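**Q** See structure-v4.pdb below, with PDB, C-alpha atoms, pLDDT in the B column.
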```
ATOM      1  CA  GLN A  25      -2.012  -7.195  17.643  1.00 94.00           C
ATOM      2  CA  VAL A  26      -0.389  -7.982  14.328  1.00 96.00           C
ATOM      3  CA  GLN A  27       3.001  -6.373  13.759  1.00 98.00           C
ATOM      4  CA  LEU A  28       5.389  -6.565  10.855  1.00 98.00           C
ATOM      5  CA  GLN A  29       9.056  -5.661  11.017  1.00 98.00           C
ATOM      6  CA  GLU A  30      11.384  -5.385   8.062  1.00 98.00           C
ATOM      7  CA  SER A  31      15.137  -5.841   8.174  1.00 97.00           C
ATOM      8  CA  GLY A  32      17.523  -5.078   5.370  1.00 92.00           C
ATOM      9  CA  PRO A  33      21.150  -4.311   4.520  1.00 93.00           C
ATOM     10  CA  GLY A  34      20.833  -0.534   4.299  1.00 94.00           C
ATOM     11  CA  LEU A  35      23.343  -0.298   1.460  1.00 97.00           C
ATOM     12  CA  VAL A  36      23.743  -2.499  -1.616  1.00 98.00           C
ATOM     13  CA  LYS A  37      26.198  -2.112  -4.478  1.00 98.00           C
ATOM     14  CA  PRO A  38      24.971  -1.787  -8.060  1.00 98.00           C
ATOM     15  CA  SER A  39      24.488  -5.116  -9.878  1.00 97.00           C
ATOM     16  CA  GLU A  40      24.238  -7.004  -6.569  1.00 98.00           C
ATOM     17  CA  THR A  41      21.198  -8.621  -4.950  1.00 98.00           C
ATOM     18  CA  LEU A  42      19.035  -6.825  -2.411  1.00 97.00           C
ATOM     19  CA  SER A  43      17.560  -9.005   0.334  1.00 98.00           C
ATOM     20  CA  VAL A  44      14.936  -7.885   2.838  1.00 98.00           C
ATOM     21  CA  THR A  45      13.049  -9.944   5.409  1.00 98.00           C
ATOM     22  CA  CYS A  46       9.771  -9.284   7.188  1.00 98.00           C
ATOM     23  CA  VAL A  47       9.079 -10.901  10.553  1.00 98.00           C
ATOM     24  CA  VAL A  48       5.422 -11.179  11.510  1.00 98.00           C
ATOM     25  CA  SER A  49       4.317 -11.209  15.151  1.00 98.00           C
ATOM     26  CA  GLY A  50       0.869 -11.516  16.686  1.00 97.00           C
ATOM     27  CA  TYR A  51      -0.464 -13.599  13.806  1.00 96.00           C
ATOM     28  CA  SER A  52       0.549 -16.862  12.194  1.00 96.00           C
ATOM     29  CA  ILE A  53       1.291 -16.514   8.498  1.00 96.00           C
ATOM     30  CA  SER A  54      -0.065 -20.067   8.080  1.00 93.00           C
ATOM     31  CA  SER A  55      -3.502 -18.953   9.293  1.00 92.00           C
ATOM     32  CA  GLY A  56      -4.270 -17.055   6.115  1.00 88.00           C
ATOM     33  CA  TYR A  57      -4.012 -13.701   4.339  1.00 94.00           C
ATOM     34  CA  TYR A  58      -1.521 -12.853   1.684  1.00 96.00           C
ATOM     35  CA  TRP A  59       1.748 -11.096   2.511  1.00 97.00           C
ATOM     36  CA  GLY A  60       3.183  -8.439   0.273  1.00 98.00           C
ATOM     37  CA  TRP A  61       6.094  -6.168  -0.530  1.00 98.00           C
ATOM     38  CA  ILE A  62       5.697  -2.564  -1.603  1.00 98.00           C
ATOM     39  CA  ARG A  63       8.394  -0.007  -2.237  1.00 98.00           C
ATOM     40  CA  GLN A  64       8.302   3.773  -2.151  1.00 98.00           C
ATOM     41  CA  THR A  65      10.538   6.154  -4.042  1.00 95.00           C
ATOM     42  CA  PRO A  66      10.323   9.927  -4.445  1.00 85.00           C
ATOM     43  CA  GLY A  67      10.077   9.497  -8.195  1.00 86.00           C
ATOM     44  CA  LYS A  68       7.613   6.628  -8.656  1.00 88.00           C
ATOM     45  CA  GLY A  69       5.753   6.774  -5.383  1.00 95.00           C
ATOM     46  CA  LEU A  70       4.242   3.565  -4.032  1.00 98.00           C
ATOM     47  CA  GLU A  71       4.847   0.490  -6.172  1.00 98.00           C
ATOM     48  CA  TRP A  72       3.605  -3.039  -5.516  1.00 98.00           C
ATOM     49  CA  ILE A  73       6.445  -5.524  -5.881  1.00 98.00           C
ATOM     50  CA  GLY A  74       4.736  -8.816  -5.185  1.00 97.00           C
ATOM     51  CA  THR A  75       2.805 -11.053  -2.816  1.00 97.00           C
ATOM     52  CA  VAL A  76       3.201 -14.487  -1.283  1.00 96.00           C
ATOM     53  CA  TYR A  77       0.723 -16.905   0.269  1.00 95.00           C
ATOM     54  CA  HIS A  78       1.587 -19.260   3.122  1.00 91.00           C
ATOM     55  CA  SER A  79       1.496 -22.134   0.661  1.00 92.00           C
ATOM     56  CA  GLY A  80       4.407 -20.545  -1.144  1.00 92.00           C
ATOM     57  CA  SER A  81       2.428 -19.305  -4.137  1.00 94.00           C
ATOM     58  CA  THR A  82       3.890 -16.064  -5.405  1.00 95.00           C
ATOM     59  CA  TYR A  83       2.649 -13.203  -7.547  1.00 96.00           C
ATOM     60  CA  TYR A  84       4.838 -10.469  -8.970  1.00 97.00           C
ATOM     61  CA  ASN A  85       4.548  -7.109 -10.643  1.00 97.00           C
ATOM     62  CA  PRO A  86       5.332  -7.763 -14.321  1.00 97.00           C
ATOM     63  CA  SER A  87       7.600  -4.720 -14.332  1.00 96.00           C
ATOM     64  CA  LEU A  88       9.912  -6.400 -11.806  1.00 97.00           C
ATOM     65  CA  LYS A  89       9.140 -10.076 -12.309  1.00 96.00           C
ATOM     66  CA  SER A  90      12.424 -10.980 -13.982  1.00 97.00           C
ATOM     67  CA  ARG A  91      14.415  -9.743 -10.974  1.00 98.00           C
ATOM     68  CA  VAL A  92      12.191 -10.571  -7.988  1.00 98.00           C
ATOM     69  CA  THR A  93      11.863 -13.606  -5.781  1.00 98.00           C
ATOM     70  CA  ILE A  94       9.580 -13.670  -2.746  1.00 98.00           C
ATOM     71  CA  SER A  95       9.617 -16.599  -0.346  1.00 97.00           C
ATOM     72  CA  VAL A  96       7.910 -17.554   2.901  1.00 97.00           C
ATOM     73  CA  ASP A  97       9.191 -19.405   5.948  1.00 96.00           C
ATOM     74  CA  THR A  98       6.198 -20.401   8.039  1.00 94.00           C
ATOM     75  CA  SER A  99       8.386 -22.000  10.727  1.00 95.00           C
ATOM     76  CA  GLN A 100       9.982 -18.611  11.395  1.00 96.00           C
ATOM     77  CA  ASN A 101       6.754 -16.708  10.627  1.00 97.00           C
ATOM     78  CA  GLN A 102       8.519 -14.513   8.121  1.00 98.00           C
ATOM     79  CA  PHE A 103       8.742 -13.822   4.440  1.00 98.00           C
ATOM     80  CA  SER A 104      11.511 -12.405   2.306  1.00 98.00           C
ATOM     81  CA  LEU A 105      12.228 -10.422  -0.821  1.00 98.00           C
ATOM     82  CA  LYS A 106      15.198 -10.722  -3.158  1.00 98.00           C
ATOM     83  CA  LEU A 107      15.783  -8.239  -5.956  1.00 98.00           C
ATOM     84  CA  THR A 108      18.670  -8.975  -8.301  1.00 98.00           C
ATOM     85  CA  SER A 109      20.828  -6.774 -10.515  1.00 98.00           C
ATOM     86  CA  VAL A 110      19.964  -3.622  -8.606  1.00 98.00           C
ATOM     87  CA  THR A 111      20.664  -0.111  -9.856  1.00 97.00           C
ATOM     88  CA  ALA A 112      20.337   3.309  -8.278  1.00 96.00           C
ATOM     89  CA  ALA A 113      16.709   3.331  -9.447  1.00 96.00           C
ATOM     90  CA  ASP A 114      15.994   0.563  -6.929  1.00 97.00           C
ATOM     91  CA  THR A 115      16.884   2.831  -4.012  1.00 97.00           C
ATOM     92  CA  ALA A 116      13.704   2.950  -1.953  1.00 98.00           C
ATOM     93  CA  VAL A 117      11.927   2.395   1.300  1.00 98.00           C
ATOM     94  CA  PHE A 118      10.727  -1.202   1.280  1.00 98.00           C
ATOM     95  CA  TYR A 119       7.558  -2.053   3.174  1.00 98.00           C
ATOM     96  CA  CYS A 120       6.054  -5.404   3.977  1.00 98.00           C
ATOM     97  CA  ALA A 121       2.313  -5.578   4.501  1.00 98.00           C
ATOM     98  CA  ARG A 122      -0.553  -7.921   5.178  1.00 97.00           C
ATOM     99  CA  VAL A 123      -2.801  -8.180   2.144  1.00 96.00           C
ATOM    100  CA  ASN A 124      -6.512  -8.793   2.562  1.00 91.00           C
ATOM    101  CA  SER A 125      -7.399 -12.375   1.746  1.00 85.00           C
ATOM    102  CA  LEU A 126      -9.769 -11.351  -1.066  1.00 86.00           C
ATOM    103  CA  ALA A 127      -6.937 -11.510  -3.582  1.00 89.00           C
ATOM    104  CA  TYR A 128      -3.187 -11.262  -3.767  1.00 89.00           C
ATOM    105  CA  TYR A 129      -3.507  -7.715  -5.091  1.00 91.00           C
ATOM    106  CA  SER A 130      -6.066  -6.541  -2.546  1.00 94.00           C
ATOM    107  CA  TYR A 131      -5.794  -3.723  -0.030  1.00 97.00           C
ATOM    108  CA  MET A 132      -3.136  -3.822   2.693  1.00 97.00           C
ATOM    109  CA  ASP A 133      -4.403  -3.454   6.232  1.00 97.00           C
ATOM    110  CA  VAL A 134      -1.229  -3.783   8.296  1.00 97.00           C
ATOM    111  CA  TRP A 135       2.156  -2.380   7.300  1.00 98.00           C
ATOM    112  CA  GLY A 136       5.656  -2.649   8.648  1.00 98.00           C
ATOM    113  CA  LYS A 137       7.575   0.513   9.451  1.00 98.00           C
ATOM    114  CA  GLY A 138       9.724   0.134   6.367  1.00 98.00           C
ATOM    115  CA  THR A 139      13.422  -0.252   5.740  1.00 98.00           C
ATOM    116  CA  THR A 140      15.475   2.060   3.556  1.00 97.00           C
ATOM    117  CA  VAL A 141      17.788   0.441   1.046  1.00 98.00           C
ATOM    118  CA  THR A 142      20.240   2.577  -0.883  1.00 97.00           C
ATOM    119  CA  VAL A 143      21.984   1.292  -3.996  1.00 97.00           C
ATOM    120  CA  SER A 144      25.388   2.880  -4.322  1.00 97.00           C
ATOM    121  CA  SER A 145      28.991   1.908  -4.862  1.00 95.00           C
TER     122      SER A 145
ATOM    123  CA  ASP B  24      -2.037  -1.074 -15.760  1.00 96.00           C
ATOM    124  CA  ILE B  25      -4.740   1.140 -14.278  1.00 98.00           C
ATOM    125  CA  VAL B  26      -3.440   4.665 -13.758  1.00 98.00           C
ATOM    126  CA  MET B  27      -4.628   6.487 -10.653  1.00 98.00           C
ATOM    127  CA  THR B  28      -4.560  10.271 -10.795  1.00 98.00           C
ATOM    128  CA  GLN B  29      -5.107  12.362  -7.687  1.00 98.00           C
ATOM    129  CA  SER B  30      -5.958  16.029  -7.392  1.00 96.00           C
ATOM    130  CA  PRO B  31      -4.925  18.407  -6.115  1.00 97.00           C
ATOM    131  CA  GLU B  32      -1.260  17.632  -5.469  1.00 97.00           C
ATOM    132  CA  SER B  33      -1.520  19.574  -2.238  1.00 98.00           C
ATOM    133  CA  LEU B  34      -4.078  21.576  -0.320  1.00 97.00           C
ATOM    134  CA  ALA B  35      -4.075  23.767   2.737  1.00 98.00           C
ATOM    135  CA  VAL B  36      -7.188  23.801   4.898  1.00 97.00           C
ATOM    136  CA  SER B  37      -7.998  25.635   8.117  1.00 98.00           C
ATOM    137  CA  LEU B  38      -8.474  23.632  11.275  1.00 98.00           C
ATOM    138  CA  GLY B  39     -12.071  22.474  11.558  1.00 98.00           C
ATOM    139  CA  GLU B  40     -12.755  22.970   7.856  1.00 98.00           C
ATOM    140  CA  ARG B  41     -13.484  20.342   5.220  1.00 98.00           C
ATOM    141  CA  ALA B  42     -10.779  18.827   3.039  1.00 98.00           C
ATOM    142  CA  THR B  43     -11.599  16.897  -0.118  1.00 98.00           C
ATOM    143  CA  ILE B  44      -9.149  14.853  -2.169  1.00 98.00           C
ATOM    144  CA  ASN B  45     -10.041  13.461  -5.569  1.00 98.00           C
ATOM    145  CA  CYS B  46      -8.884  10.295  -7.270  1.00 98.00           C
ATOM    146  CA  LYS B  47      -9.604   9.269 -10.845  1.00 98.00           C
ATOM    147  CA  SER B  48      -8.862   5.847 -12.314  1.00 98.00           C
ATOM    148  CA  SER B  49      -8.057   5.287 -15.983  1.00 98.00           C
ATOM    149  CA  GLN B  50     -10.725   2.586 -16.121  1.00 98.00           C
ATOM    150  CA  SER B  51     -13.625   1.601 -13.930  1.00 98.00           C
ATOM    151  CA  VAL B  52     -12.814  -0.216 -10.705  1.00 98.00           C
ATOM    152  CA  LEU B  53     -16.452  -1.155 -10.107  1.00 98.00           C
ATOM    153  CA  TYR B  54     -16.961  -4.899 -10.190  1.00 95.00           C
ATOM    154  CA  SER B  55     -20.481  -5.233 -11.523  1.00 93.00           C
ATOM    155  CA  SER B  56     -21.317  -8.645 -10.087  1.00 94.00           C
ATOM    156  CA  SER B  57     -20.689  -7.486  -6.517  1.00 93.00           C
ATOM    157  CA  ASN B  58     -21.447  -3.799  -7.068  1.00 95.00           C
ATOM    158  CA  LYS B  59     -18.265  -2.994  -5.158  1.00 96.00           C
ATOM    159  CA  ASN B  60     -15.607  -0.452  -6.026  1.00 98.00           C
ATOM    160  CA  TYR B  61     -12.158  -1.910  -5.560  1.00 97.00           C
ATOM    161  CA  LEU B  62     -10.597   1.239  -4.176  1.00 98.00           C
ATOM    162  CA  ALA B  63      -8.794   2.042  -0.921  1.00 98.00           C
ATOM    163  CA  TRP B  64      -7.402   5.160   0.725  1.00 98.00           C
ATOM    164  CA  TYR B  65      -4.299   5.424   2.888  1.00 98.00           C
ATOM    165  CA  GLN B  66      -2.816   8.121   5.101  1.00 98.00           C
ATOM    166  CA  GLN B  67       0.936   8.517   5.426  1.00 98.00           C
ATOM    167  CA  LYS B  68       2.520  10.780   7.999  1.00 97.00           C
ATOM    168  CA  PRO B  69       6.212  11.766   7.743  1.00 94.00           C
ATOM    169  CA  GLY B  70       8.530   8.904   8.616  1.00 94.00           C
ATOM    170  CA  GLN B  71       5.651   6.444   8.946  1.00 97.00           C
ATOM    171  CA  PRO B  72       4.219   3.724   6.703  1.00 98.00           C
ATOM    172  CA  PRO B  73       0.900   4.168   4.928  1.00 98.00           C
ATOM    173  CA  LYS B  74      -2.110   3.492   7.128  1.00 98.00           C
ATOM    174  CA  LEU B  75      -5.339   2.046   5.750  1.00 98.00           C
ATOM    175  CA  LEU B  76      -8.277   4.439   6.139  1.00 98.00           C
ATOM    176  CA  ILE B  77     -10.951   3.276   3.701  1.00 98.00           C
ATOM    177  CA  TYR B  78     -11.602   0.213   1.556  1.00 98.00           C
ATOM    178  CA  TRP B  79     -14.406  -0.692  -0.864  1.00 97.00           C
ATOM    179  CA  ALA B  80     -14.322   3.051  -1.615  1.00 98.00           C
ATOM    180  CA  SER B  81     -16.409   3.971   1.424  1.00 98.00           C
ATOM    181  CA  THR B  82     -15.901   1.460   4.263  1.00 98.00           C
ATOM    182  CA  ARG B  83     -13.889   2.853   7.140  1.00 98.00           C
ATOM    183  CA  TYR B  84     -11.237   0.549   8.512  1.00 98.00           C
ATOM    184  CA  SER B  85     -11.329  -0.366  12.189  1.00 97.00           C
ATOM    185  CA  GLY B  86     -10.500   2.534  14.483  1.00 97.00           C
ATOM    186  CA  ILE B  87     -10.647   5.234  11.812  1.00 98.00           C
ATOM    187  CA  PRO B  88     -12.492   8.375  12.998  1.00 98.00           C
ATOM    188  CA  ASP B  89     -15.789   9.088  11.306  1.00 97.00           C
ATOM    189  CA  ARG B  90     -14.570  12.481  10.079  1.00 98.00           C
ATOM    190  CA  PHE B  91     -12.940  10.452   7.298  1.00 98.00           C
ATOM    191  CA  SER B  92     -15.312   9.357   4.556  1.00 98.00           C
ATOM    192  CA  GLY B  93     -14.955   7.944   1.072  1.00 98.00           C
ATOM    193  CA  SER B  94     -17.309   8.329  -1.849  1.00 98.00           C
ATOM    194  CA  GLY B  95     -17.588   7.802  -5.572  1.00 98.00           C
ATOM    195  CA  SER B  96     -18.016   4.970  -8.022  1.00 98.00           C
ATOM    196  CA  GLY B  97     -16.644   3.725 -11.305  1.00 98.00           C
ATOM    197  CA  THR B  98     -13.718   5.987 -12.105  1.00 98.00           C
ATOM    198  CA  ASP B  99     -14.202   9.010  -9.826  1.00 98.00           C
ATOM    199  CA  PHE B 100     -13.659   8.954  -6.101  1.00 98.00           C
ATOM    200  CA  ALA B 101     -13.156  11.319  -3.200  1.00 98.00           C
ATOM    201  CA  LEU B 102     -11.803  11.222   0.311  1.00 98.00           C
ATOM    202  CA  THR B 103     -13.304  13.830   2.614  1.00 98.00           C
ATOM    203  CA  ILE B 104     -12.083  14.932   5.997  1.00 98.00           C
ATOM    204  CA  SER B 105     -15.132  16.680   7.417  1.00 98.00           C
ATOM    205  CA  SER B 106     -13.354  18.712  10.088  1.00 97.00           C
ATOM    206  CA  LEU B 107      -9.597  18.864   9.707  1.00 98.00           C
ATOM    207  CA  GLN B 108      -7.578  18.203  12.827  1.00 98.00           C
ATOM    208  CA  ALA B 109      -3.879  18.942  13.352  1.00 98.00           C
ATOM    209  CA  GLU B 110      -3.109  15.227  13.411  1.00 98.00           C
ATOM    210  CA  ASP B 111      -4.550  14.830   9.902  1.00 98.00           C
ATOM    211  CA  VAL B 112      -1.567  16.569   8.309  1.00 98.00           C
ATOM    212  CA  ALA B 113      -0.257  13.865   6.000  1.00 98.00           C
ATOM    213  CA  VAL B 114      -0.060  12.606   2.438  1.00 98.00           C
ATOM    214  CA  TYR B 115      -3.078  10.641   1.264  1.00 98.00           C
ATOM    215  CA  TYR B 116      -3.030   7.951  -1.412  1.00 98.00           C
ATOM    216  CA  CYS B 117      -5.729   6.132  -3.328  1.00 98.00           C
ATOM    217  CA  HIS B 118      -5.162   2.538  -4.420  1.00 98.00           C
ATOM    218  CA  GLN B 119      -7.036   0.347  -6.880  1.00 98.00           C
ATOM    219  CA  TYR B 120      -7.186  -3.387  -6.338  1.00 97.00           C
ATOM    220  CA  TYR B 121      -9.589  -4.148  -9.171  1.00 97.00           C
ATOM    221  CA  SER B 122      -6.870  -5.643 -11.338  1.00 96.00           C
ATOM    222  CA  THR B 123      -3.271  -6.664 -11.117  1.00 95.00           C
ATOM    223  CA  PRO B 124      -0.856  -5.041 -10.741  1.00 97.00           C
ATOM    224  CA  PRO B 125      -2.478  -2.975  -7.999  1.00 97.00           C
ATOM    225  CA  THR B 126      -1.592   0.685  -8.437  1.00 98.00           C
ATOM    226  CA  PHE B 127      -1.518   3.818  -6.336  1.00 98.00           C
ATOM    227  CA  GLY B 128      -2.147   7.482  -6.918  1.00 98.00           C
ATOM    228  CA  GLN B 129       0.776   9.879  -6.649  1.00 97.00           C
ATOM    229  CA  GLY B 130      -0.431  11.283  -3.354  1.00 98.00           C
ATOM    230  CA  THR B 131      -2.047  14.490  -2.076  1.00 98.00           C
ATOM    231  CA  LYS B 132      -0.400  16.466   0.692  1.00 98.00           C
ATOM    232  CA  VAL B 133      -2.764  18.014   3.242  1.00 98.00           C
ATOM    233  CA  GLU B 134      -1.515  20.901   5.343  1.00 98.00           C
ATOM    234  CA  ILE B 135      -2.951  23.394   7.795  1.00 98.00           C
ATOM    235  CA  LYS B 136      -3.720  26.859   6.444  1.00 96.00           C
TER     236      LYS B 136
END
```
Spit out the file's structure as structure tokens when you get a sec.
**A**
Amino acid sequence: QVQLQESGPGLVKPSETLSVTCVVSGYSISSGYYWGWIRQTPGKGLEWIGTVYHSGSTYYNPSLKSRVTISVDTSQNQFSLKLTSVTAADTAVFYCARVNSLAYYSYMDVWGKGTTVTVSS
Amino acid sequence: DIVMTQSPESLAVSLGERATINCKSSQSVLYSSSNKNYLAWYQQKPGQPPKLLIYWASTRYSGIPDRFSGSGSGTDFALTISSLQAEDVAVYYCHQYYSTPPTFGQGTKVEIK
């Protein structure tokens, strides 16, 4: 059974970099699928941040592209998100998810439980 | 970006009754060459992540009860719960994956009347 588990800092100061990691169990990232990050805020709802493939290819939402880096570590079976220059508007629940192999922007069939990151001084 | 608009924002339905949620996309999500609608539905209960219910607009994901059904094509879609159960209380989201960036509706909250 595939499971995803996010881990994050909980609290980040404005202008700093937010880092969140997703550990995948029950499935090898190298075997296929895309792996994505989605965030959820009360104001904007669900927002796709970006997706990574096991090869390291990455795809980002243009609205966040200048501040986002997603990477994959197949040896640890995990992938990570970095978001720079954060503001209070980046406060959200961050989810990692498995993305159907049709395309990097396809539907997500397995989700992590989410990790809440608050941006505040 | 394709804008997904759901209606209503919330609805209250009696146990055992039908609940219908609508989703409208700002442009067609029907891919003509495959005749598939690139639309999914998710259920999110409080404190939980979204859970995939439906993809290709009408294909139930593994393990999803058959009281959940999806319909529609092009720009207009619906999620129907044929007989509402207490465990169906949740927020439901539609999601288009026809083009990037993928986008979601704002959600519809389903409650028991």
**Q** Give the centre and edge lengths of an axis-aligned box, in Å to one decimal, that holds all listed atoms of range 77-81 of chain B with 3 Å on each side, as JSON.
**A**
```
{"center_x": -13.7, "center_y": 1.6, "center_z": 1.0, "size_x": 11.5, "size_y": 10.7, "size_z": 11.3}
```
**Q** Give as number ranges by chain the residues that the PyMOL selection byres ((chain A and resi 85) around 8) matches when applied to the coordinates above.
**A** A: 72-74, 83-84, 86-89; B: 123-124
**Q** Just give me the residues with any atom within 12 Å of (16.7, -4.4, -7.4), file coordinates, counting all atoms listed in the file, written as an MDAnalysis selection string.
**A** chainID A and resid 35:44 63 73 87:93 105:116 118 141:144
**Q** Decode the PyMOL selection byres ((chain B) within 10 of (chain A)) for the given file into explicit residues and return them as a ChimeraX atom specification.
**A** /B:61-65,70-79,84-85,116,118-130
**Q** Quick one: distance from CA of Thr82 in chain B to CA of Gly95 in chain B in Å, one decimal?
**A**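 The value is 11.8 Å.
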**Q** Identify, on the basis of only C-alpha atoms, every residue whose closest approach to Thr75 in chain A does not exceed 6 Å; exclude the query and any residue fewer than 5 positions from it along the same chain; express the result as a list in words.
**A**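 Here the answer would be Trp59, Gly60, Thr82 and Tyr83 of chain A.
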**Q** To one decimal place in Å, what is the distance between CA of Lys136 in chain B and CA of Gln29 in chain B?
**A**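 Computing it gives 20.3 Å between the two atoms.
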**Q** Grab the CA of Ser31 in chain A to CA of Pro69 in chain B distance for me, in Å with one decimal place.
**A**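 So the answer is 19.7 Å.
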